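Asker: Sending over query24.txt (compact mmCIF, N, CA and C atoms and all ligand atoms).
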```txt
# COMPACT_ATOMS: atom_id res chain seq x y z
N PRO A 1 -19.61 -6.74 -4.63
CA PRO A 1 -19.83 -5.85 -3.49
C PRO A 1 -19.63 -4.38 -3.89
N THR A 2 -20.33 -3.53 -3.20
CA THR A 2 -20.17 -2.10 -3.46
C THR A 2 -18.83 -1.63 -2.93
N ILE A 3 -18.11 -0.90 -3.75
CA ILE A 3 -16.83 -0.33 -3.34
C ILE A 3 -17.08 1.14 -2.99
N ALA A 4 -16.87 1.46 -1.73
CA ALA A 4 -17.05 2.84 -1.31
C ALA A 4 -16.01 3.72 -1.99
N LEU A 5 -16.42 4.82 -2.53
CA LEU A 5 -15.51 5.78 -3.15
C LEU A 5 -15.51 7.05 -2.33
N VAL A 6 -14.38 7.33 -1.73
CA VAL A 6 -14.25 8.57 -0.97
C VAL A 6 -13.56 9.55 -1.91
N THR A 7 -14.32 10.46 -2.46
CA THR A 7 -13.85 11.21 -3.64
C THR A 7 -12.68 12.14 -3.31
N ASP A 8 -12.54 12.54 -2.05
CA ASP A 8 -11.41 13.42 -1.73
C ASP A 8 -10.22 12.63 -1.20
N CYS A 9 -10.26 11.31 -1.33
CA CYS A 9 -9.15 10.47 -0.89
C CYS A 9 -8.25 10.14 -2.08
N LEU A 10 -6.97 10.44 -1.94
CA LEU A 10 -6.02 10.23 -3.05
C LEU A 10 -6.02 8.79 -3.53
N PHE A 11 -5.95 7.83 -2.59
CA PHE A 11 -5.84 6.45 -3.03
C PHE A 11 -7.17 5.91 -3.55
N CYS A 12 -8.30 6.39 -3.06
CA CYS A 12 -9.58 6.05 -3.70
C CYS A 12 -9.61 6.54 -5.14
N ARG A 13 -9.04 7.69 -5.38
CA ARG A 13 -9.01 8.23 -6.74
C ARG A 13 -8.07 7.42 -7.63
N ILE A 14 -6.97 6.92 -7.08
CA ILE A 14 -6.10 6.04 -7.86
C ILE A 14 -6.83 4.73 -8.17
N VAL A 15 -7.52 4.16 -7.16
CA VAL A 15 -8.29 2.93 -7.38
C VAL A 15 -9.34 3.14 -8.47
N ALA A 16 -9.97 4.31 -8.47
CA ALA A 16 -11.02 4.62 -9.44
C ALA A 16 -10.46 4.91 -10.83
N GLY A 17 -9.14 5.11 -10.93
CA GLY A 17 -8.52 5.43 -12.21
C GLY A 17 -8.54 6.91 -12.53
N ASP A 18 -8.96 7.74 -11.58
CA ASP A 18 -9.00 9.19 -11.80
C ASP A 18 -7.61 9.81 -11.79
N ILE A 19 -6.70 9.18 -11.06
CA ILE A 19 -5.32 9.64 -10.98
C ILE A 19 -4.45 8.47 -11.44
N PRO A 20 -3.54 8.72 -12.39
CA PRO A 20 -2.73 7.62 -12.90
C PRO A 20 -1.73 7.10 -11.87
N ALA A 21 -1.45 5.81 -11.97
CA ALA A 21 -0.42 5.19 -11.14
C ALA A 21 0.15 4.02 -11.92
N THR A 22 1.37 3.64 -11.56
CA THR A 22 2.01 2.48 -12.19
C THR A 22 1.62 1.25 -11.40
N VAL A 23 0.61 0.54 -11.91
CA VAL A 23 0.06 -0.62 -11.21
C VAL A 23 0.95 -1.83 -11.46
N VAL A 24 1.27 -2.56 -10.40
CA VAL A 24 2.07 -3.78 -10.54
C VAL A 24 1.25 -5.04 -10.27
N ARG A 25 0.14 -4.92 -9.57
CA ARG A 25 -0.75 -6.07 -9.38
C ARG A 25 -2.13 -5.57 -8.98
N GLU A 26 -3.15 -6.23 -9.51
CA GLU A 26 -4.53 -5.90 -9.14
C GLU A 26 -5.29 -7.18 -8.89
N THR A 27 -6.08 -7.19 -7.80
CA THR A 27 -7.00 -8.29 -7.54
C THR A 27 -8.40 -7.68 -7.42
N ASP A 28 -9.37 -8.53 -7.14
CA ASP A 28 -10.74 -8.03 -6.97
C ASP A 28 -10.82 -6.99 -5.86
N THR A 29 -9.99 -7.16 -4.85
CA THR A 29 -10.14 -6.33 -3.64
C THR A 29 -8.94 -5.45 -3.32
N THR A 30 -7.83 -5.65 -4.03
CA THR A 30 -6.61 -4.91 -3.71
C THR A 30 -5.94 -4.36 -4.96
N LEU A 31 -5.10 -3.34 -4.75
CA LEU A 31 -4.33 -2.76 -5.85
C LEU A 31 -2.93 -2.44 -5.33
N ALA A 32 -1.93 -2.76 -6.14
CA ALA A 32 -0.53 -2.46 -5.80
C ALA A 32 0.05 -1.57 -6.89
N PHE A 33 0.67 -0.47 -6.48
CA PHE A 33 1.24 0.48 -7.45
C PHE A 33 2.50 1.10 -6.88
N ARG A 34 3.34 1.63 -7.75
CA ARG A 34 4.64 2.16 -7.31
C ARG A 34 4.46 3.50 -6.61
N ASP A 35 5.21 3.67 -5.52
CA ASP A 35 5.20 4.93 -4.80
C ASP A 35 5.77 6.02 -5.71
N ILE A 36 5.14 7.21 -5.67
CA ILE A 36 5.55 8.31 -6.55
C ILE A 36 6.91 8.87 -6.14
N ALA A 37 7.29 8.68 -4.89
CA ALA A 37 8.57 9.18 -4.37
C ALA A 37 9.29 8.04 -3.67
N PRO A 38 9.84 7.09 -4.44
CA PRO A 38 10.36 5.85 -3.85
C PRO A 38 11.49 6.11 -2.86
N LYS A 39 11.43 5.43 -1.71
CA LYS A 39 12.44 5.53 -0.67
C LYS A 39 13.37 4.33 -0.67
N ALA A 40 13.25 3.48 -1.67
CA ALA A 40 14.15 2.34 -1.86
C ALA A 40 14.11 1.98 -3.34
N ALA A 41 15.02 1.11 -3.76
CA ALA A 41 15.08 0.71 -5.17
C ALA A 41 13.74 0.17 -5.64
N VAL A 42 13.08 -0.59 -4.77
CA VAL A 42 11.70 -1.03 -5.01
C VAL A 42 10.84 -0.45 -3.89
N HIS A 43 9.78 0.25 -4.26
CA HIS A 43 8.86 0.82 -3.26
C HIS A 43 7.46 0.79 -3.85
N VAL A 44 6.70 -0.20 -3.39
CA VAL A 44 5.33 -0.41 -3.89
C VAL A 44 4.36 -0.19 -2.74
N LEU A 45 3.24 0.43 -3.03
CA LEU A 45 2.15 0.60 -2.07
C LEU A 45 1.05 -0.39 -2.39
N VAL A 46 0.51 -1.05 -1.37
CA VAL A 46 -0.58 -2.00 -1.56
C VAL A 46 -1.77 -1.50 -0.77
N VAL A 47 -2.89 -1.30 -1.47
CA VAL A 47 -4.10 -0.75 -0.83
C VAL A 47 -5.27 -1.71 -1.02
N THR A 48 -6.25 -1.58 -0.13
CA THR A 48 -7.54 -2.20 -0.38
C THR A 48 -8.33 -1.27 -1.29
N LYS A 49 -9.11 -1.83 -2.18
CA LYS A 49 -9.93 -0.98 -3.06
C LYS A 49 -10.99 -0.24 -2.25
N GLU A 50 -11.48 -0.92 -1.24
CA GLU A 50 -12.44 -0.27 -0.34
C GLU A 50 -11.69 0.65 0.61
N HIS A 51 -12.29 1.76 0.94
CA HIS A 51 -11.63 2.74 1.80
C HIS A 51 -11.70 2.34 3.27
N PHE A 52 -10.52 2.19 3.89
CA PHE A 52 -10.38 2.12 5.35
C PHE A 52 -9.29 3.12 5.73
N VAL A 53 -9.45 3.74 6.87
CA VAL A 53 -8.53 4.82 7.25
C VAL A 53 -7.11 4.31 7.46
N ASP A 54 -7.00 3.16 8.14
CA ASP A 54 -5.66 2.66 8.47
C ASP A 54 -5.73 1.17 8.75
N ILE A 55 -4.57 0.58 9.04
CA ILE A 55 -4.52 -0.88 9.24
C ILE A 55 -5.29 -1.29 10.48
N ALA A 56 -5.33 -0.43 11.50
CA ALA A 56 -6.07 -0.79 12.72
C ALA A 56 -7.56 -0.89 12.42
N ALA A 57 -8.08 0.07 11.66
CA ALA A 57 -9.50 0.03 11.30
C ALA A 57 -9.80 -1.16 10.40
N LEU A 58 -8.94 -1.39 9.40
CA LEU A 58 -9.17 -2.51 8.47
C LEU A 58 -9.12 -3.85 9.20
N ALA A 59 -8.10 -4.05 10.01
CA ALA A 59 -7.89 -5.36 10.62
C ALA A 59 -9.04 -5.73 11.55
N GLN A 60 -9.62 -4.71 12.20
CA GLN A 60 -10.74 -4.99 13.10
C GLN A 60 -12.05 -5.16 12.34
N ALA A 61 -12.19 -4.44 11.23
CA ALA A 61 -13.44 -4.50 10.48
C ALA A 61 -13.51 -5.73 9.57
N ASP A 62 -12.36 -6.15 9.02
CA ASP A 62 -12.40 -7.18 7.98
C ASP A 62 -11.09 -7.98 7.95
N PRO A 63 -10.95 -8.95 8.84
CA PRO A 63 -9.71 -9.75 8.86
C PRO A 63 -9.44 -10.48 7.55
N GLU A 64 -10.48 -10.92 6.85
CA GLU A 64 -10.26 -11.62 5.58
C GLU A 64 -9.63 -10.69 4.55
N LEU A 65 -10.15 -9.47 4.46
CA LEU A 65 -9.59 -8.49 3.53
C LEU A 65 -8.16 -8.12 3.92
N THR A 66 -7.91 -8.07 5.23
CA THR A 66 -6.55 -7.81 5.71
C THR A 66 -5.60 -8.90 5.19
N GLY A 67 -6.06 -10.13 5.22
CA GLY A 67 -5.25 -11.22 4.69
C GLY A 67 -5.02 -11.09 3.19
N GLN A 68 -6.03 -10.62 2.49
CA GLN A 68 -5.89 -10.43 1.04
C GLN A 68 -4.86 -9.33 0.75
N LEU A 69 -4.89 -8.28 1.56
CA LEU A 69 -3.89 -7.20 1.41
C LEU A 69 -2.48 -7.76 1.60
N MET A 70 -2.31 -8.58 2.64
CA MET A 70 -0.98 -9.15 2.91
C MET A 70 -0.58 -10.15 1.82
N GLU A 71 -1.56 -10.89 1.29
CA GLU A 71 -1.25 -11.82 0.19
C GLU A 71 -0.75 -11.05 -1.02
N THR A 72 -1.41 -9.95 -1.36
CA THR A 72 -0.95 -9.14 -2.49
C THR A 72 0.45 -8.60 -2.22
N ALA A 73 0.71 -8.14 -0.99
CA ALA A 73 2.04 -7.63 -0.65
C ALA A 73 3.10 -8.72 -0.85
N ALA A 74 2.78 -9.94 -0.44
CA ALA A 74 3.74 -11.04 -0.57
C ALA A 74 3.97 -11.40 -2.03
N ILE A 75 2.92 -11.42 -2.83
CA ILE A 75 3.08 -11.74 -4.26
C ILE A 75 3.88 -10.65 -4.96
N VAL A 76 3.62 -9.39 -4.59
CA VAL A 76 4.42 -8.28 -5.15
C VAL A 76 5.89 -8.47 -4.78
N ALA A 77 6.16 -8.80 -3.52
CA ALA A 77 7.55 -9.02 -3.10
C ALA A 77 8.18 -10.11 -3.96
N GLU A 78 7.42 -11.15 -4.24
CA GLU A 78 7.95 -12.23 -5.06
C GLU A 78 8.18 -11.77 -6.50
N THR A 79 7.20 -11.13 -7.10
CA THR A 79 7.33 -10.74 -8.51
C THR A 79 8.36 -9.62 -8.70
N GLU A 80 8.59 -8.84 -7.65
CA GLU A 80 9.63 -7.79 -7.72
C GLU A 80 11.01 -8.35 -7.40
N GLY A 81 11.08 -9.66 -7.10
CA GLY A 81 12.37 -10.32 -6.88
C GLY A 81 12.97 -10.06 -5.52
N LEU A 82 12.11 -9.81 -4.52
CA LEU A 82 12.61 -9.40 -3.20
C LEU A 82 12.76 -10.56 -2.22
N LEU A 83 12.26 -11.74 -2.56
CA LEU A 83 12.20 -12.80 -1.55
C LEU A 83 13.58 -13.31 -1.14
N ALA A 84 14.49 -13.41 -2.08
CA ALA A 84 15.79 -14.00 -1.76
C ALA A 84 16.57 -13.15 -0.77
N ASP A 85 16.61 -11.85 -1.00
CA ASP A 85 17.44 -10.97 -0.16
C ASP A 85 16.66 -10.33 0.97
N GLY A 86 15.33 -10.40 0.91
CA GLY A 86 14.50 -9.84 1.98
C GLY A 86 13.97 -8.46 1.64
N PHE A 87 13.00 -8.05 2.43
CA PHE A 87 12.32 -6.78 2.15
C PHE A 87 11.67 -6.31 3.44
N ARG A 88 10.99 -5.16 3.38
CA ARG A 88 10.35 -4.59 4.56
C ARG A 88 8.92 -4.21 4.20
N THR A 89 8.00 -4.50 5.11
CA THR A 89 6.59 -4.11 4.93
C THR A 89 6.20 -3.23 6.10
N ILE A 90 5.69 -2.03 5.79
CA ILE A 90 5.39 -1.03 6.83
C ILE A 90 3.96 -0.53 6.66
N PHE A 91 3.26 -0.40 7.78
CA PHE A 91 2.00 0.35 7.81
C PHE A 91 2.21 1.55 8.74
N ASN A 92 2.32 2.74 8.21
CA ASN A 92 2.32 3.93 9.04
C ASN A 92 0.88 4.19 9.47
N THR A 93 0.69 4.51 10.74
CA THR A 93 -0.66 4.67 11.27
C THR A 93 -0.76 5.93 12.11
N GLY A 94 -1.64 6.83 11.70
CA GLY A 94 -1.94 8.02 12.49
C GLY A 94 -0.82 9.05 12.50
N VAL A 95 -0.99 10.04 13.34
CA VAL A 95 -0.08 11.19 13.37
C VAL A 95 1.31 10.77 13.84
N TYR A 96 1.39 10.08 14.98
CA TYR A 96 2.70 9.68 15.49
C TYR A 96 3.37 8.67 14.57
N GLY A 97 2.56 7.89 13.85
CA GLY A 97 3.10 6.92 12.90
C GLY A 97 3.55 7.52 11.59
N GLY A 98 3.29 8.81 11.41
CA GLY A 98 3.72 9.49 10.19
C GLY A 98 2.87 9.19 8.97
N GLN A 99 1.63 8.79 9.19
CA GLN A 99 0.75 8.49 8.06
C GLN A 99 0.30 9.78 7.38
N GLU A 100 0.54 9.86 6.07
CA GLU A 100 0.19 11.07 5.31
C GLU A 100 -1.07 10.89 4.47
N VAL A 101 -1.33 9.67 4.04
CA VAL A 101 -2.54 9.39 3.24
C VAL A 101 -3.44 8.49 4.07
N ASP A 102 -4.63 8.99 4.37
CA ASP A 102 -5.53 8.28 5.30
C ASP A 102 -6.40 7.26 4.58
N HIS A 103 -5.74 6.36 3.88
CA HIS A 103 -6.35 5.19 3.22
C HIS A 103 -5.33 4.08 3.40
N VAL A 104 -5.74 3.00 4.06
CA VAL A 104 -4.78 1.98 4.46
C VAL A 104 -3.88 1.55 3.29
N HIS A 105 -2.58 1.50 3.56
CA HIS A 105 -1.62 1.04 2.55
C HIS A 105 -0.42 0.41 3.22
N ALA A 106 0.02 -0.71 2.65
CA ALA A 106 1.28 -1.32 3.05
C ALA A 106 2.37 -0.78 2.14
N HIS A 107 3.48 -0.36 2.74
CA HIS A 107 4.68 -0.06 1.96
C HIS A 107 5.45 -1.37 1.82
N VAL A 108 5.81 -1.75 0.60
CA VAL A 108 6.70 -2.88 0.36
C VAL A 108 8.00 -2.31 -0.20
N LEU A 109 9.07 -2.44 0.59
CA LEU A 109 10.35 -1.79 0.28
C LEU A 109 11.44 -2.83 0.16
N GLY A 110 12.31 -2.67 -0.82
CA GLY A 110 13.43 -3.59 -0.95
C GLY A 110 14.27 -3.27 -2.16
N GLY A 111 15.02 -4.29 -2.59
CA GLY A 111 15.89 -4.12 -3.75
C GLY A 111 17.27 -3.60 -3.41
N GLU A 112 17.48 -3.28 -2.14
CA GLU A 112 18.78 -2.82 -1.64
C GLU A 112 18.74 -2.94 -0.12
N PRO A 113 19.89 -2.93 0.55
CA PRO A 113 19.86 -2.95 2.02
C PRO A 113 19.15 -1.70 2.52
N LEU A 114 18.27 -1.87 3.50
CA LEU A 114 17.41 -0.76 3.92
C LEU A 114 17.91 -0.02 5.15
N GLY A 115 18.82 -0.59 5.89
CA GLY A 115 19.35 0.11 7.06
C GLY A 115 18.31 0.21 8.17
N PRO A 116 18.47 1.21 9.04
CA PRO A 116 17.54 1.36 10.16
C PRO A 116 16.11 1.52 9.68
N MET A 117 15.16 1.15 10.53
CA MET A 117 13.76 1.14 10.14
C MET A 117 13.21 2.56 10.00
N VAL A 118 13.00 2.98 8.77
CA VAL A 118 12.38 4.27 8.49
C VAL A 118 11.54 4.14 7.24
N CYS A 119 10.57 4.99 7.09
CA CYS A 119 9.86 5.11 5.82
C CYS A 119 9.07 6.42 5.84
P1 LIG B 201 2.31 7.38 4.32
O1 LIG B 201 3.22 8.47 4.82
O2 LIG B 201 0.86 7.81 4.37
O3 LIG B 201 2.55 6.07 4.99
O4 LIG B 201 2.71 7.12 2.82
C1 LIG B 201 2.10 7.76 1.73
C2 LIG B 201 2.93 7.44 0.51
O5 LIG B 201 2.18 7.82 -0.63
C3 LIG B 201 4.26 8.22 0.47
O6 LIG B 201 5.34 7.27 0.40
C4 LIG B 201 4.14 9.04 -0.83
O7 LIG B 201 5.36 9.14 -1.54
C5 LIG B 201 3.07 8.31 -1.61
N1 LIG B 201 2.29 9.15 -2.52
C6 LIG B 201 1.79 10.39 -2.25
N2 LIG B 201 1.09 10.85 -3.30
C7 LIG B 201 1.15 9.88 -4.25
C8 LIG B 201 0.61 9.78 -5.58
O8 LIG B 201 -0.07 10.66 -6.11
N3 LIG B 201 0.89 8.62 -6.26
C9 LIG B 201 1.63 7.62 -5.73
N4 LIG B 201 1.85 6.54 -6.51
N5 LIG B 201 2.15 7.68 -4.48
C10 LIG B 201 1.91 8.80 -3.76
ZN ZN B 202 -9.67 6.06 0.22
```
In structure tokens, write the structure found in this file.
Ligand code: 5GP
Ligand code: ZN
Answerer:
Amino acid sequence: PTIALVTDCLFCRIVAGDIPATVVRETDTTLAFRDIAPKAAVHVLVVTKEHFVDIAALAQADPELTGQLMETAAIVAETEGLLADGFRTIFNTGVYGGQEVDHVHAHVLGGEPLGPMVC
């Protein structure tokens, strides 16, 4: 399938390899890489390779791909050793949600007690 490249989108550029990132898992449709400014001992971002603005747009446009994104998040949680003690998965959405990068991404946070829900 054709992968849309939005050239002024930071995460599209990471998917394209134009901007380096520490990749922890890659599938045909998803990419997981470490957050550049981690807010927990483990902080991984999971994106779809195809550009969608946010989780609301993705989930309505492509439920199967949404499932693939969540599968990658779960496998990352497992390979990062987060399953036993637990972890947090967050989708910030829009202005009130504090979303800074307008390309859908799950935050996978863990490796230490996380306290109140923030990201
Ligand atoms: P948001 O606020 O949109 O939910 O989260 C965006 C996340 O992207 C932030 O946690 C931020 O630290 C991370 N981020 C911003 N720029 C880069 C970058 O160039 N590389 C990586 N790996 N993460 C980034
Ligand atoms: Zn994008």
Asker: Kindly assemble as CSV a list of the segment 1-84 of chain A residues that lie within 7 Å of segment 90-96 of chain A, each paired with its nearest atom pair and their distance in Å to one decimal, using all atoms listed in the file, sorted first by chain and then by ascending residue number.
Answerer:
```
residue,atom,partner,partner_atom,distance
A:Asp54,CA,A:Thr93,CA,6.1
A:Ile55,N,A:Thr93,CA,6.1
A:Ala56,N,A:Thr93,CA,6.9
```
Asker: Counting only N, CA and C atoms, find residues at most 6.5 Å from (3.0, -1.1, -1.9) (file frame) and give them as a list in words.
Answerer: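 I get Ala32, Phe33, Arg34, Asp35, His43, Val44, Leu45, Val46, Val47, His105, Ala106, His107 and Val108 of chain A for the residues within 6.5 Å of that point.
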Asker: Store the residues picked out above, limited to N, CA and C atoms, as an mmCIF file, keeping the file's coordinate frame.
Answerer:
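File produced: again.cif:
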```
data_model
loop_
_atom_site.group_PDB
_atom_site.id
_atom_site.type_symbol
_atom_site.label_atom_id
_atom_site.label_comp_id
_atom_site.auth_asym_id
_atom_site.auth_seq_id
_atom_site.Cartn_x
_atom_site.Cartn_y
_atom_site.Cartn_z
ATOM 1 N N ALA A 32 -1.930 -2.760 -6.140
ATOM 2 C CA ALA A 32 -0.530 -2.460 -5.800
ATOM 3 C C ALA A 32 0.050 -1.570 -6.890
ATOM 4 N N PHE A 33 0.670 -0.470 -6.480
ATOM 5 C CA PHE A 33 1.240 0.480 -7.450
ATOM 6 C C PHE A 33 2.500 1.100 -6.880
ATOM 7 N N ARG A 34 3.340 1.630 -7.750
ATOM 8 C CA ARG A 34 4.640 2.160 -7.310
ATOM 9 C C ARG A 34 4.460 3.500 -6.610
ATOM 10 N N ASP A 35 5.210 3.670 -5.520
ATOM 11 C CA ASP A 35 5.200 4.930 -4.800
ATOM 12 C C ASP A 35 5.770 6.020 -5.710
ATOM 13 N N HIS A 43 9.780 0.250 -4.260
ATOM 14 C CA HIS A 43 8.860 0.820 -3.260
ATOM 15 C C HIS A 43 7.460 0.790 -3.850
ATOM 16 N N VAL A 44 6.700 -0.200 -3.390
ATOM 17 C CA VAL A 44 5.330 -0.410 -3.890
ATOM 18 C C VAL A 44 4.360 -0.190 -2.740
ATOM 19 N N LEU A 45 3.240 0.430 -3.030
ATOM 20 C CA LEU A 45 2.150 0.600 -2.070
ATOM 21 C C LEU A 45 1.050 -0.390 -2.390
ATOM 22 N N VAL A 46 0.510 -1.050 -1.370
ATOM 23 C CA VAL A 46 -0.580 -2.000 -1.560
ATOM 24 C C VAL A 46 -1.770 -1.500 -0.770
ATOM 25 N N VAL A 47 -2.890 -1.300 -1.470
ATOM 26 C CA VAL A 47 -4.100 -0.750 -0.830
ATOM 27 C C VAL A 47 -5.270 -1.710 -1.020
ATOM 28 N N HIS A 105 -2.580 1.500 3.560
ATOM 29 C CA HIS A 105 -1.620 1.040 2.550
ATOM 30 C C HIS A 105 -0.420 0.410 3.220
ATOM 31 N N ALA A 106 0.020 -0.710 2.650
ATOM 32 C CA ALA A 106 1.280 -1.320 3.050
ATOM 33 C C ALA A 106 2.370 -0.780 2.140
ATOM 34 N N HIS A 107 3.480 -0.360 2.740
ATOM 35 C CA HIS A 107 4.680 -0.060 1.960
ATOM 36 C C HIS A 107 5.450 -1.370 1.820
ATOM 37 N N VAL A 108 5.810 -1.750 0.600
ATOM 38 C CA VAL A 108 6.700 -2.880 0.360
ATOM 39 C C VAL A 108 8.000 -2.310 -0.200
#
```
Asker: In Å, how far is it from atom N of Val15 of chain A to atom CA of Ala73 of chain A?
Answerer: 16.5 Å
Asker: Please work out which residues fall within 8 Å of (-11.5, -6.0, -5.5), coordinates as given in the file, with only N, CA and C atoms counting, and return them as an mmCIF file with N, CA and C atoms, keeping the file's coordinate frame.
Answerer:
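Result file follows (point39.cif):
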```
data_model
loop_
_atom_site.group_PDB
_atom_site.id
_atom_site.type_symbol
_atom_site.label_atom_id
_atom_site.label_comp_id
_atom_site.auth_asym_id
_atom_site.auth_seq_id
_atom_site.Cartn_x
_atom_site.Cartn_y
_atom_site.Cartn_z
ATOM 1 N N GLU A 26 -3.150 -6.230 -9.510
ATOM 2 C CA GLU A 26 -4.530 -5.900 -9.140
ATOM 3 C C GLU A 26 -5.290 -7.180 -8.890
ATOM 4 N N THR A 27 -6.080 -7.190 -7.800
ATOM 5 C CA THR A 27 -7.000 -8.290 -7.540
ATOM 6 C C THR A 27 -8.400 -7.680 -7.420
ATOM 7 N N ASP A 28 -9.370 -8.530 -7.140
ATOM 8 C CA ASP A 28 -10.740 -8.030 -6.970
ATOM 9 C C ASP A 28 -10.820 -6.990 -5.860
ATOM 10 N N THR A 29 -9.990 -7.160 -4.850
ATOM 11 C CA THR A 29 -10.140 -6.330 -3.640
ATOM 12 C C THR A 29 -8.940 -5.450 -3.320
ATOM 13 N N THR A 30 -7.830 -5.650 -4.030
ATOM 14 C CA THR A 30 -6.610 -4.910 -3.710
ATOM 15 C C THR A 30 -5.940 -4.360 -4.960
ATOM 16 N N LEU A 31 -5.100 -3.340 -4.750
ATOM 17 C CA LEU A 31 -4.330 -2.760 -5.850
ATOM 18 C C LEU A 31 -2.930 -2.440 -5.330
ATOM 19 N N THR A 48 -6.250 -1.580 -0.130
ATOM 20 C CA THR A 48 -7.540 -2.200 -0.380
ATOM 21 C C THR A 48 -8.330 -1.270 -1.290
ATOM 22 N N LYS A 49 -9.110 -1.830 -2.180
ATOM 23 C CA LYS A 49 -9.930 -0.980 -3.060
ATOM 24 C C LYS A 49 -10.990 -0.240 -2.250
ATOM 25 N N GLU A 50 -11.480 -0.920 -1.240
ATOM 26 C CA GLU A 50 -12.440 -0.270 -0.340
ATOM 27 C C GLU A 50 -11.690 0.650 0.610
#
```
Asker: Could you pull out the residues sitting within 6.5 Å of ligand ZN 202 (chain B), using all atoms listed in the file, and write them as a PyMOL selection string?
Answerer: chain A and resi 5-6+9-13+50-52+102-104
Asker: Would you list the residues that come within 6 Å of ligand LIG 201 (chain B)? Count only C-alpha atoms and all ligand atoms and give the answer as an mmCIF file with N, CA and C atoms, in the frame of the given file.
Answerer:
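out.cif, written as the output of this step:
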```cif
data_model
loop_
_atom_site.group_PDB
_atom_site.id
_atom_site.type_symbol
_atom_site.label_atom_id
_atom_site.label_comp_id
_atom_site.auth_asym_id
_atom_site.auth_seq_id
_atom_site.Cartn_x
_atom_site.Cartn_y
_atom_site.Cartn_z
ATOM 1 N N ALA A 21 -1.450 5.810 -11.970
ATOM 2 C CA ALA A 21 -0.420 5.190 -11.140
ATOM 3 C C ALA A 21 0.150 4.020 -11.920
ATOM 4 N N ARG A 34 3.340 1.630 -7.750
ATOM 5 C CA ARG A 34 4.640 2.160 -7.310
ATOM 6 C C ARG A 34 4.460 3.500 -6.610
ATOM 7 N N ASP A 35 5.210 3.670 -5.520
ATOM 8 C CA ASP A 35 5.200 4.930 -4.800
ATOM 9 C C ASP A 35 5.770 6.020 -5.710
ATOM 10 N N ILE A 36 5.140 7.210 -5.670
ATOM 11 C CA ILE A 36 5.550 8.310 -6.550
ATOM 12 C C ILE A 36 6.910 8.870 -6.140
ATOM 13 N N ALA A 37 7.290 8.680 -4.890
ATOM 14 C CA ALA A 37 8.570 9.180 -4.370
ATOM 15 C C ALA A 37 9.290 8.040 -3.670
ATOM 16 N N ASN A 92 2.320 2.740 8.210
ATOM 17 C CA ASN A 92 2.320 3.930 9.040
ATOM 18 C C ASN A 92 0.880 4.190 9.470
ATOM 19 N N GLY A 98 3.290 8.810 11.410
ATOM 20 C CA GLY A 98 3.720 9.490 10.190
ATOM 21 C C GLY A 98 2.870 9.190 8.970
ATOM 22 N N GLN A 99 1.630 8.790 9.190
ATOM 23 C CA GLN A 99 0.750 8.490 8.060
ATOM 24 C C GLN A 99 0.300 9.780 7.380
ATOM 25 N N GLU A 100 0.540 9.860 6.070
ATOM 26 C CA GLU A 100 0.190 11.070 5.310
ATOM 27 C C GLU A 100 -1.070 10.890 4.470
ATOM 28 N N VAL A 101 -1.330 9.670 4.040
ATOM 29 C CA VAL A 101 -2.540 9.390 3.240
ATOM 30 C C VAL A 101 -3.440 8.490 4.070
#
```
Asker: Can you list, as JSON, numbers by chain, all residues belonging to chain A that DSSP tags as alpha helix (DSSP H)?
Answerer: {"A": [10, 11, 12, 13, 14, 15, 16, 55, 56, 57, 58, 59, 60, 61, 63, 64, 65, 66, 67, 68, 69, 70, 71, 72, 73, 74, 75, 76, 77, 78, 79]}
Asker: If you measure from atom CA of Ala41 of chain A to atom N of Thr22 of chain A, what distance in Å do you get, rounded to one decimal?
Answerer: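 Interatomic distance, atom CA of Ala41 of chain A to atom N of Thr22 of chain A: 15.4 Å.
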